Amino acid sequence: MANITVSEEKFSKVIADVENLVQDVTDMFDQDRIAKERIADIEADPSIGKTEKELDSYLKKRGVQIG
């Protein structure tokens, strides 16, 4: 296998990019967990989300991003 030489600056940039991607993936999966918890809350107390607007408002207040 051939050796590859990478400057410290470029390597640091790649590492920073990877860290950002890992954070994005973590946020994405955490978002799913948050949504599932909120849905469970709503199922336990259906009055929370009487209308779609009220449901969206409830979810937004609890950190769920509404598309």
# chains A, B, ... in the order shown; residues from 1 in each chain; ligands from 1
$ select_by_dssp --residues "chain A" --states "helix (DSSP H, G or I)" --output "MDAnalysis selection string"
chainID A and resid 8:44 46:49 52:61
$ atom_distance --atom1 "atom CA of A:Arg33" --atom2 "atom CA of A:Leu59"
12.5 Å
